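Participant: One file is attached below, run31.cif, containing mmCIF, C-alpha atoms and all ligand atoms.
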data_data
loop_
_atom_site.label_atom_id
_atom_site.label_comp_id
_atom_site.auth_asym_id
_atom_site.auth_seq_id
_atom_site.Cartn_x
_atom_site.Cartn_y
_atom_site.Cartn_z
CA MET A 21 4.72 0.79 -41.34
CA ASN A 22 3.09 3.32 -39.00
CA LEU A 23 2.51 0.75 -36.27
CA TYR A 24 6.24 0.88 -35.54
CA ARG A 25 5.87 4.60 -35.04
CA ILE A 26 3.06 3.98 -32.56
CA ILE A 27 5.17 1.46 -30.67
CA ASP A 28 8.19 3.77 -30.64
CA ALA A 29 6.16 6.71 -29.34
CA ASN A 30 4.48 4.61 -26.67
CA ILE A 31 7.66 2.98 -25.43
CA ASN A 32 8.97 6.51 -24.91
CA ARG A 33 5.72 7.58 -23.27
CA ALA A 34 5.69 4.56 -20.94
CA SER A 35 9.35 5.08 -20.02
CA GLU A 36 8.79 8.75 -19.28
CA GLY A 37 5.80 7.94 -17.09
CA LEU A 38 7.82 5.34 -15.24
CA ARG A 39 10.73 7.75 -14.79
CA ILE A 40 8.48 10.36 -13.19
CA LEU A 41 6.88 7.74 -10.92
CA GLU A 42 10.28 6.40 -9.99
CA ASP A 43 11.48 9.87 -9.01
CA ILE A 44 8.36 10.50 -6.92
CA ALA A 45 8.82 7.16 -5.14
CA ARG A 46 12.47 7.92 -4.52
CA PHE A 47 12.53 11.60 -3.62
CA VAL A 48 9.04 12.34 -2.32
CA ILE A 49 7.64 9.14 -0.88
CA GLU A 50 11.18 8.01 -0.03
CA ASP A 51 10.42 4.40 -0.77
CA PHE A 52 13.51 2.94 -2.37
CA ASN A 53 11.92 -0.45 -2.88
CA ILE A 54 9.00 0.85 -4.90
CA SER A 55 11.38 3.14 -6.76
CA LYS A 56 13.55 0.15 -7.67
CA GLU A 57 10.54 -1.84 -8.87
CA LEU A 58 9.59 1.06 -11.13
CA ARG A 59 13.14 1.29 -12.46
CA ASP A 60 13.15 -2.43 -13.25
CA LEU A 61 9.86 -2.01 -15.10
CA ARG A 62 11.33 0.89 -17.09
CA HIS A 63 14.28 -1.24 -18.16
CA CYS A 64 11.91 -4.01 -19.13
CA VAL A 65 9.79 -1.59 -21.20
CA ARG A 66 12.91 -0.42 -23.05
CA LYS A 67 14.45 -3.86 -23.57
CA THR A 68 11.52 -6.07 -24.49
CA PHE A 69 10.99 -4.82 -28.02
CA LYS A 70 13.48 -3.09 -30.28
CA SER A 71 13.33 -2.74 -34.02
CA SER A 72 15.25 -0.61 -36.50
CA GLU A 73 11.89 0.24 -38.09
CA MET A 74 11.00 2.20 -34.97
CA LEU A 75 13.80 4.72 -35.42
CA THR A 76 13.31 5.13 -39.14
CA SER A 77 9.63 5.84 -38.63
CA ARG A 78 10.25 8.38 -35.84
CA ASP A 79 9.15 11.93 -36.67
CA SER A 80 8.95 13.89 -33.42
CA GLU A 81 8.97 17.33 -35.06
CA ASN A 82 5.75 16.62 -36.89
CA ASP A 83 4.15 14.92 -33.91
CA LEU A 84 0.72 16.50 -33.46
CA GLY A 85 0.71 15.58 -29.76
CA LEU A 86 3.47 18.08 -28.95
CA THR A 87 1.56 21.02 -30.44
CA VAL A 88 -1.60 20.00 -28.61
CA SER A 89 0.26 19.63 -25.31
CA GLN A 90 2.05 23.00 -25.60
CA ASN A 91 -1.10 24.93 -26.44
CA THR A 92 -3.30 23.68 -23.64
CA ASN A 93 -3.03 23.21 -19.91
CA VAL A 94 -4.70 19.80 -19.76
CA ASP A 95 -1.45 18.43 -18.40
CA ASN A 96 -1.38 20.91 -15.52
CA LYS A 97 -1.08 18.89 -12.28
CA GLU A 98 -2.59 20.23 -9.09
CA ASP A 99 -0.79 18.07 -6.58
CA LEU A 100 1.17 14.91 -6.07
CA SER A 101 -1.90 12.66 -6.20
CA ASP A 102 -2.84 14.12 -9.58
CA LEU A 103 0.71 13.66 -10.79
CA LEU A 104 0.76 10.04 -9.69
CA GLU A 105 -2.63 9.29 -11.17
CA ALA A 106 -1.85 10.99 -14.47
CA ASN A 107 1.45 9.20 -14.90
CA PHE A 108 0.07 5.79 -14.04
CA LYS A 109 -2.73 6.41 -16.54
CA ARG A 110 -0.24 7.52 -19.17
CA LEU A 111 1.88 4.45 -18.51
CA GLN A 112 -1.05 2.04 -18.69
CA GLU A 113 -2.47 3.55 -21.85
CA ALA A 114 0.91 3.49 -23.54
CA LEU A 115 1.43 -0.15 -22.56
CA ARG A 116 -1.98 -1.11 -23.89
CA SER A 117 -1.22 0.61 -27.16
CA ILE A 118 2.12 -1.21 -27.46
CA GLU A 119 0.40 -4.54 -26.75
CA GLU A 120 -2.21 -4.06 -29.46
CA SER A 121 0.27 -2.90 -32.09
CA LEU A 122 2.68 -5.74 -31.37
CA LYS A 123 -0.11 -8.26 -31.76
CA VAL A 124 -1.02 -6.92 -35.18
CA LEU A 125 2.64 -7.13 -36.19
CA GLY A 126 2.81 -10.75 -35.04
CA TYR A 127 4.90 -10.25 -31.90
CA TYR A 128 2.55 -12.13 -29.59
CA ASN A 129 5.08 -13.09 -26.88
CA GLU A 130 6.44 -9.56 -26.60
CA SER A 131 2.89 -8.26 -26.39
CA LYS A 132 2.25 -10.55 -23.42
CA ILE A 133 5.31 -9.17 -21.64
CA TYR A 134 3.95 -5.62 -21.98
CA GLU A 135 0.63 -6.90 -20.68
CA THR A 136 2.38 -8.31 -17.61
CA ILE A 137 4.06 -4.95 -17.05
CA ARG A 138 0.65 -3.26 -17.29
CA PHE A 139 -0.86 -5.55 -14.65
CA LYS A 140 2.16 -4.98 -12.44
CA SER A 141 1.60 -1.23 -12.79
CA TYR A 142 -2.01 -1.57 -11.58
CA SER A 143 -0.92 -3.30 -8.39
CA LEU A 144 1.95 -0.88 -7.81
CA GLU A 145 -0.44 2.04 -8.25
CA LYS A 146 -2.77 0.55 -5.66
CA LYS A 147 0.09 -0.10 -3.28
CA ILE A 148 1.39 3.48 -3.56
CA LEU A 149 -2.11 4.88 -3.03
CA ILE A 150 -2.69 2.87 0.16
CA ARG A 151 0.79 3.59 1.46
CA ARG A 152 0.36 7.33 0.92
CA ALA A 153 -3.04 7.31 2.61
CA LEU A 154 -1.74 5.55 5.73
CA PRO A 155 -0.21 8.53 7.54
CA ASP A 156 -3.52 10.36 7.15
CA THR A 157 -5.46 7.42 8.57
CA ASP A 158 -6.33 8.12 12.18
CA ILE A 159 -7.79 4.85 13.44
CA TYR A 160 -6.47 1.44 12.45
CA GLY A 161 -9.09 -1.05 13.64
CA ILE A 162 -7.98 -4.57 14.53
CA LEU A 163 -10.38 -7.47 14.95
CA GLY A 164 -10.29 -9.96 17.78
CA GLU A 165 -13.44 -11.87 18.70
CA ASP A 166 -12.16 -12.65 22.19
CA PHE A 167 -12.53 -8.96 22.98
CA SER A 168 -15.74 -8.10 21.15
CA LYS A 169 -18.24 -9.10 23.83
CA GLY A 170 -19.84 -11.99 21.98
CA ARG A 171 -20.26 -10.22 18.66
CA ASN A 172 -18.79 -11.89 15.58
CA ASN A 173 -16.07 -10.43 13.38
CA VAL A 174 -18.31 -9.86 10.39
CA ASP A 175 -20.77 -7.80 12.44
CA ILE A 176 -17.88 -5.90 13.97
CA VAL A 177 -16.55 -5.09 10.50
CA ARG A 178 -19.96 -3.75 9.49
CA ASP A 179 -19.92 -1.54 12.59
CA MET A 180 -16.36 -0.41 11.91
CA ILE A 181 -17.23 0.56 8.35
CA GLY A 182 -20.38 2.30 9.59
CA ALA A 183 -18.28 4.21 12.13
CA GLY A 184 -15.98 5.43 9.33
CA ILE A 185 -12.90 3.33 10.04
CA ARG A 186 -10.82 3.18 6.84
CA ILE A 187 -8.35 0.42 7.63
CA ILE A 188 -9.12 -2.94 9.23
CA GLN A 189 -6.86 -5.80 10.19
CA TYR A 190 -7.97 -9.40 10.73
CA ARG A 191 -6.12 -10.86 13.70
CA GLU A 192 -7.19 -14.19 15.20
CA LYS A 193 -4.65 -16.34 16.99
CA ASN A 194 -6.68 -19.43 17.87
CA LYS A 195 -8.98 -20.17 14.95
CA SER A 196 -8.50 -22.84 12.31
CA LYS A 197 -7.11 -21.88 8.95
CA LEU A 198 -10.41 -22.71 7.28
CA HIS A 199 -12.42 -20.59 9.69
CA LYS A 200 -10.02 -17.68 9.25
CA TYR A 201 -10.15 -18.03 5.48
CA GLN A 202 -13.95 -18.03 5.43
CA GLU A 203 -14.20 -14.97 7.65
CA CYS A 204 -11.56 -13.12 5.67
CA LYS A 205 -13.35 -13.88 2.41
CA THR A 206 -16.56 -12.30 3.68
CA ILE A 207 -14.72 -9.37 5.20
CA ARG A 208 -12.81 -8.81 1.96
CA ALA A 209 -16.11 -8.45 0.10
CA LEU A 210 -17.47 -5.98 2.68
CA THR A 211 -14.31 -3.88 2.82
CA LYS A 212 -13.89 -3.85 -0.93
CA ASN A 213 -17.41 -2.61 -1.37
CA ALA A 214 -16.78 0.19 1.12
CA GLY A 215 -13.33 1.10 -0.25
CA VAL A 216 -11.77 0.16 3.09
CA THR A 217 -8.21 -1.18 3.26
CA PHE A 218 -8.07 -4.76 4.51
CA ILE A 219 -4.95 -6.25 6.07
CA VAL A 220 -4.54 -9.87 7.21
CA ASN A 221 -2.32 -10.72 10.17
CA ASP A 222 0.14 -13.66 10.00
CA ASP A 223 -1.25 -15.75 7.15
CA VAL A 224 0.27 -14.87 3.80
CA ASP A 225 -1.65 -17.71 2.13
CA ILE A 226 -5.01 -16.39 3.31
CA ALA A 227 -4.05 -12.81 2.41
CA LEU A 228 -3.15 -13.88 -1.12
CA SER A 229 -6.13 -16.12 -1.71
CA ILE A 230 -8.72 -13.55 -0.66
CA LYS A 231 -6.81 -10.69 -2.34
CA ALA A 232 -6.25 -8.65 0.80
CA ASP A 233 -4.64 -5.24 0.40
CA GLY A 234 -1.91 -6.13 2.81
CA LEU A 235 -0.31 -8.50 5.25
CA HIS A 236 0.90 -7.72 8.75
CA ILE A 237 3.72 -9.77 10.27
CA GLY A 238 5.74 -9.78 13.45
CA GLN A 239 9.37 -10.28 14.31
CA ASP A 240 8.88 -14.03 14.79
CA ASP A 241 7.12 -14.64 11.49
CA LEU A 242 8.68 -15.59 8.18
CA PRO A 243 11.39 -12.99 7.42
CA ILE A 244 9.99 -10.00 5.58
CA GLU A 245 12.36 -10.42 2.64
CA GLU A 246 10.93 -13.92 2.07
CA VAL A 247 7.36 -12.73 2.57
CA LYS A 248 7.92 -10.06 -0.06
CA LYS A 249 8.94 -12.70 -2.58
CA ILE A 250 5.65 -14.51 -2.07
CA ALA A 251 3.35 -11.58 -1.48
CA GLY A 252 3.79 -9.75 -4.78
CA ASP A 253 2.64 -6.18 -4.47
CA MET A 254 0.67 -6.55 -1.29
CA LEU A 255 1.39 -3.92 1.33
CA ILE A 256 3.55 -5.37 4.12
CA GLY A 257 3.41 -4.12 7.69
CA LEU A 258 5.94 -5.24 10.28
CA SER A 259 5.64 -4.98 14.07
CA THR A 260 8.68 -3.37 15.67
CA HIS A 261 9.56 -2.79 19.31
CA ASN A 262 12.85 -0.92 19.22
CA GLU A 263 15.02 1.39 17.13
CA ASN A 264 17.09 -1.35 15.50
CA GLN A 265 14.02 -3.22 14.35
CA ALA A 266 12.59 -0.02 12.87
CA LYS A 267 15.78 0.73 10.93
CA GLU A 268 15.97 -2.84 9.71
CA ALA A 269 12.33 -2.75 8.62
CA ILE A 270 13.14 0.07 6.21
CA VAL A 271 16.14 -1.71 4.74
CA LYS A 272 14.12 -4.86 4.27
CA GLY A 273 11.28 -3.06 2.56
CA ALA A 274 8.39 -2.82 5.04
CA ASP A 275 5.64 -0.51 3.77
CA TYR A 276 4.77 0.54 7.30
CA ILE A 277 5.74 -0.45 10.82
CA GLY A 278 3.76 -1.15 13.96
CA VAL A 279 5.27 0.69 16.93
CA GLY A 280 4.71 -0.63 20.41
CA PRO A 281 3.48 -1.82 22.73
CA ILE A 282 2.93 1.76 23.80
CA TYR A 283 1.27 0.65 27.06
CA LYS A 284 0.83 -2.65 28.85
CA THR A 285 -2.15 -4.56 27.54
CA ASN A 286 -3.81 -7.89 28.24
CA THR A 287 -4.95 -8.25 24.65
CA LYS A 288 -1.70 -9.77 23.45
CA LYS A 289 0.00 -12.81 24.94
CA ASN A 290 3.79 -12.68 25.34
CA LEU A 291 3.85 -8.93 25.07
CA GLU A 292 7.23 -7.66 23.86
CA GLU A 293 9.38 -5.19 25.79
CA SER A 294 9.33 -1.69 24.38
CA GLN A 295 10.11 1.80 25.53
CA GLY A 296 6.59 2.68 24.48
CA LEU A 297 6.06 6.42 24.19
CA LYS A 298 9.80 7.13 24.07
CA TYR A 299 10.24 4.68 21.19
CA LEU A 300 7.23 6.17 19.39
CA GLU A 301 8.68 9.67 19.70
CA TRP A 302 11.97 8.47 18.26
CA VAL A 303 10.16 6.83 15.32
CA SER A 304 8.18 10.01 14.61
CA LYS A 305 11.44 11.95 14.29
CA ASN A 306 13.62 9.41 12.53
CA ILE A 307 11.61 6.99 10.42
CA PRO A 308 10.44 8.13 6.98
CA ILE A 309 7.90 5.37 6.32
CA PRO A 310 4.35 5.30 7.77
CA TYR A 311 4.04 4.02 11.34
CA VAL A 312 1.14 2.85 13.46
CA ALA A 313 1.14 3.09 17.26
CA ILE A 314 -0.28 0.06 19.08
CA GLY A 315 -0.77 -1.43 22.51
CA GLY A 316 -3.18 -0.35 25.23
CA ILE A 317 -4.35 2.74 23.38
CA LYS A 318 -7.72 4.07 24.62
CA GLU A 319 -9.89 7.12 24.28
CA SER A 320 -8.52 8.10 27.70
CA ASN A 321 -4.81 8.07 26.76
CA ILE A 322 -4.82 8.72 23.03
CA LEU A 323 -3.86 12.38 23.44
CA GLU A 324 -0.70 11.38 25.24
CA VAL A 325 0.12 9.03 22.35
CA LYS A 326 -0.50 11.87 19.91
CA GLU A 327 1.76 14.17 21.93
CA HIS A 328 4.56 11.64 21.48
CA GLY A 329 4.24 11.61 17.70
CA GLY A 330 1.30 9.24 17.17
CA LYS A 331 -0.66 9.87 13.97
CA CYS A 332 -2.24 6.53 13.21
CA PHE A 333 -3.56 4.60 16.21
CA ALA A 334 -4.20 0.85 16.16
CA MET A 335 -6.66 -0.45 18.71
CA ILE A 336 -8.26 -3.78 19.44
CA SER A 337 -10.18 -3.87 22.73
CA GLU A 338 -11.05 -0.17 22.84
CA ILE A 339 -12.86 -0.42 19.50
CA VAL A 340 -14.21 -3.97 19.20
CA GLY A 341 -15.21 -3.95 22.87
CA SER A 342 -17.19 -0.73 22.73
CA GLU A 343 -20.98 -1.04 22.91
CA ASP A 344 -21.46 2.07 20.82
CA MET A 345 -18.68 1.96 18.25
CA LYS A 346 -19.89 4.95 16.30
CA GLY A 347 -19.93 7.12 19.42
CA LYS A 348 -16.53 5.81 20.48
CA VAL A 349 -14.95 6.61 17.13
CA GLU A 350 -16.55 10.06 17.05
CA ARG A 351 -15.26 10.90 20.52
CA ILE A 352 -11.75 9.67 19.70
CA ARG A 353 -11.75 11.70 16.49
CA ARG A 354 -12.95 14.83 18.22
CA LYS A 355 -10.18 14.42 20.76
CA ILE A 356 -7.36 14.00 18.31
CA GLU A 357 -8.64 16.64 15.92
CA ASP A 358 -9.26 19.31 18.54
CA ASN A 359 -5.96 18.96 20.35
N1 LIG B 1 0.73 -5.75 19.33
C1 LIG B 1 1.28 -5.04 20.31
S1 LIG B 1 0.16 -4.70 21.50
C2 LIG B 1 -1.08 -5.51 20.70
C3 LIG B 1 -0.58 -6.02 19.53
C4 LIG B 1 -1.33 -6.80 18.55
C5 LIG B 1 -2.46 -5.63 21.23
C6 LIG B 1 -3.22 -4.34 21.12
O1 LIG B 1 -4.51 -4.50 21.62
P1 LIG B 1 -5.22 -3.39 22.51
O2 LIG B 1 -6.50 -4.04 22.99
O3 LIG B 1 -5.51 -2.25 21.62
O4 LIG B 1 -4.29 -3.06 23.63
MG MG B 2 2.44 -12.73 13.55
#
Let me see the file written as structure tokens.

Facilitator:
Amino acid sequence: MNLYRIIDANINRASEGLRILEDIARFVIEDFNISKELRDLRHCVRKTFKSSEMLTSRDSENDLGLTVSQNTNVDNKEDLSDLLEANFKRLQEALRSIEESLKVLGYYNESKIYETIRFKSYSLEKKILIRRALPDTDIYGILGEDFSKGRNNVDIVRDMIGAGIRIIQYREKNKSKLHKYQECKTIRALTKNAGVTFIVNDDVDIALSIKADGLHIGQDDLPIEEVKKIAGDMLIGLSTHNENQAKEAIVKGADYIGVGPIYKTNTKKNLEESQGLKYLEWVSKNIPIPYVAIGGIKESNILEVKEHGGKCFAMISEIVGSEDMKGKVERIRRKIEDN
């Protein structure tokens, strides 16, 4: 039956796609956790369905696809983003094809497992995309109504999006869970519409329920390894204040780290001790995952932060407290781009 041949070919196709993605995660992005997740998926793809009919129906020499592929350059990949996109697409199409064929053959449960793998691949793809974009993100805007001169978070988010900020974190320390949830729900809709990454601070339950892109936690929150069990494929950021915490964050699978406080600031209560610029410089030279500088960063000192290795700058008061956010963001960008 030719459906077995389709399944056989697509299990190979899916495994090959996963192998390429796994290698990119391991050797290029240097994210061993994502690489391991991809490897586990590959094993699952191989193990879930096996049938002797697959081998007997295999006929690679007469496979039309090979001739087509060798005579064209449609599979020519321009850069890493293309390679990632193409292989995720290949993987997802192959999985879909396996699912459909298995259903026709009466293997409903196995088909559902391949479907689960396909959904997992969508969220991993999204996670890799956001993670790769982070080091190229200049401003990381953090909300905090106490510092936004009477304006509410939703209006601030609209301004941030209008000013071209591409990543926004919700951080409110004194509001009720319900209030935070309601605000985050609205902000999720706005950010999604604008293609802006949305991260929730502290509350994994809120982050999950509103389908945030990520969660940001600190050293005193639930341990990251536990959070990762709950948070599925959400991006996880972890605040760090010294070299040991940064090294540990990698081992425990943080997708990015916060680095700071760079300067003293009144925005955060119980501000941690950190060597600030010196610590940032060390991170820039030693830590392979994305990092975000934070704490007292302003238009007036951002160049110094850049000179010490800063690439992505998180700010609360300087952004939410500015009367003319668009102008503020433009001036900051001009400064960091021109110098
Ligand atoms: N973590 C370390 S410093 C800080 C946080 C959340 C506050 C940053 O706020 P600001 O207004 O940009 O100094
Ligand atoms: Mg926290």

Participant: Which residues are near ligand LIG 1 (chain B) in this structure, taking near to mean any atom at most 6 Å from a ligand atom and counting only C-alpha atoms and all ligand atoms? Format them as a compact mmCIF listing (two decimals) with C-alpha atoms, in the frame of the given file.

Facilitator:
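Once everything was written out, this is out-v8.txt:
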# COMPACT_ATOMS: atom_id res chain seq x y z
CA GLY A 280 4.71 -0.63 20.41
CA PRO A 281 3.48 -1.82 22.73
CA THR A 285 -2.15 -4.56 27.54
CA THR A 287 -4.95 -8.25 24.65
CA LYS A 288 -1.70 -9.77 23.45
CA ILE A 314 -0.28 0.06 19.08
CA GLY A 315 -0.77 -1.43 22.51
CA GLY A 316 -3.18 -0.35 25.23
CA ILE A 317 -4.35 2.74 23.38
CA MET A 335 -6.66 -0.45 18.71
CA ILE A 336 -8.26 -3.78 19.44
CA SER A 337 -10.18 -3.87 22.73
CA GLU A 338 -11.05 -0.17 22.84

Participant: Identify the residues within 12 Å of coordinate (-20.1, -16.8, 12.7) (same frame as the file), considering all atoms listed in the file, and give the answer as a VMD selection string.

Facilitator: chain A and resid 165 170 to 176 195 199 to 200 202 to 204 206 to 207

Participant: Could the residues of chain A that have an atom at most 9 Å from ligand MG 2 (chain B) be listed as CSV, each with its closest atom pair and the distance in Å to one decimal, counting only C-alpha atoms and all ligand atoms and ordered by chain and ascending residue number?

Facilitator:
residue,atom,partner,partner_atom,distance
A:Arg191,CA,B:MG2,MG,8.8
A:Lys193,CA,B:MG2,MG,8.7
A:Asn221,CA,B:MG2,MG,6.2
A:Asp222,CA,B:MG2,MG,4.3
A:Asp223,CA,B:MG2,MG,8.0
A:His236,CA,B:MG2,MG,7.1
A:Ile237,CA,B:MG2,MG,4.6
A:Gly238,CA,B:MG2,MG,4.4
A:Gln239,CA,B:MG2,MG,7.4
A:Asp240,CA,B:MG2,MG,6.7
A:Asp241,CA,B:MG2,MG,5.5
A:Leu242,CA,B:MG2,MG,8.7
A:Leu258,CA,B:MG2,MG,8.9
A:Ser259,CA,B:MG2,MG,8.4

Participant: Using only C-alpha atoms, determine which residues lie at most 12 Å from Asn262 (chain A), disregarding the query and same-chain residues fewer than 5 positions distant; provide the list as a PyMOL selection string.

Facilitator: chain A and resi 239+267-269+277-282+292-303+307

Participant: Which residue, A:Ser229, A:Ser77, A:Ser72, A:Asn213, has the smallest gap to Ile181 (chain A) when you use all atoms listed in the file?

Facilitator: A:Asn213

Participant: Name the residues in contact with region 102-107 of chain A at a cut-off of 10 Å, using only C-alpha atoms, excluding same-chain residues fewer than 4 positions from it; report them as a PyMOL selection string.

Facilitator: chain A and resi 33-34+36-41+44-45+95-98+111-113+145+148-149

Participant: Report as a tab-separated table: every residue of region 60-163 of chain A with an atom at most 10 Å from region 246-252 of chain A, its closest pair of atoms, and their distance in Å to one decimal, counting only C-alpha atoms, with rows sorted by chain and ascending residue number.

Facilitator:
residue	atom	partner	partner_atom	distance
A:Lys140	CA	A:Gly252	CA	9.2
A:Ser143	CA	A:Gly252	CA	8.8
A:Leu144	CA	A:Gly252	CA	9.6

Participant: A:Ala114, A:Leu61, A:Ile219, A:Ile187: which is nearest Ile256 (chain A), counting only C-alpha atoms?

Facilitator: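 Comparing A:Ala114, A:Leu61, A:Ile219, A:Ile187 against Ile256 (chain A), the winner is A:Ile219.
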
Participant: Under the rule that only C-alpha atoms are counted, which of A:Gly347, A:Gly161, A:Pro310, A:Pro243 is the nearest residue to Tyr276 (chain A)?

Facilitator: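 Ranked by minimum distance to Tyr276 (chain A), first place goes to A:Pro310.
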
Participant: Can you measure CA of Lys67 (chain A) to CA of Glu50 (chain A) for me? One decimal in Å is fine.

Facilitator: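 Going from CA of Lys67 (chain A) over to CA of Glu50 (chain A) covers 26.6 Å.
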
Participant: Name the closest residue to Lys132 (chain A) among the candidates A:Glu319, A:Asp253, A:Glu324, A:Glu120; distances are taken between atoms, counting all atoms listed in the file.

Facilitator: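 Nearest to Lys132 (chain A): A:Glu120.
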
Participant: If we count only C-alpha atoms and set the cut-off at 8 Å, which residues sit around Ile54 (chain A), ignoring sequence neighbours fewer than 3 positions away in its own chain? Please answer as a ChimeraX atom specification.

Facilitator: /A:42,45-46,51,57-58,144

Participant: Which one is closest to Ile226 (chain A): A:Leu100, A:Leu198, A:Ile118, A:Ile352? Count all atoms listed in the file.

Facilitator: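 Ranking A:Leu100, A:Leu198, A:Ile118, A:Ile352 by distance to Ile226 (chain A), first place goes to A:Leu198.
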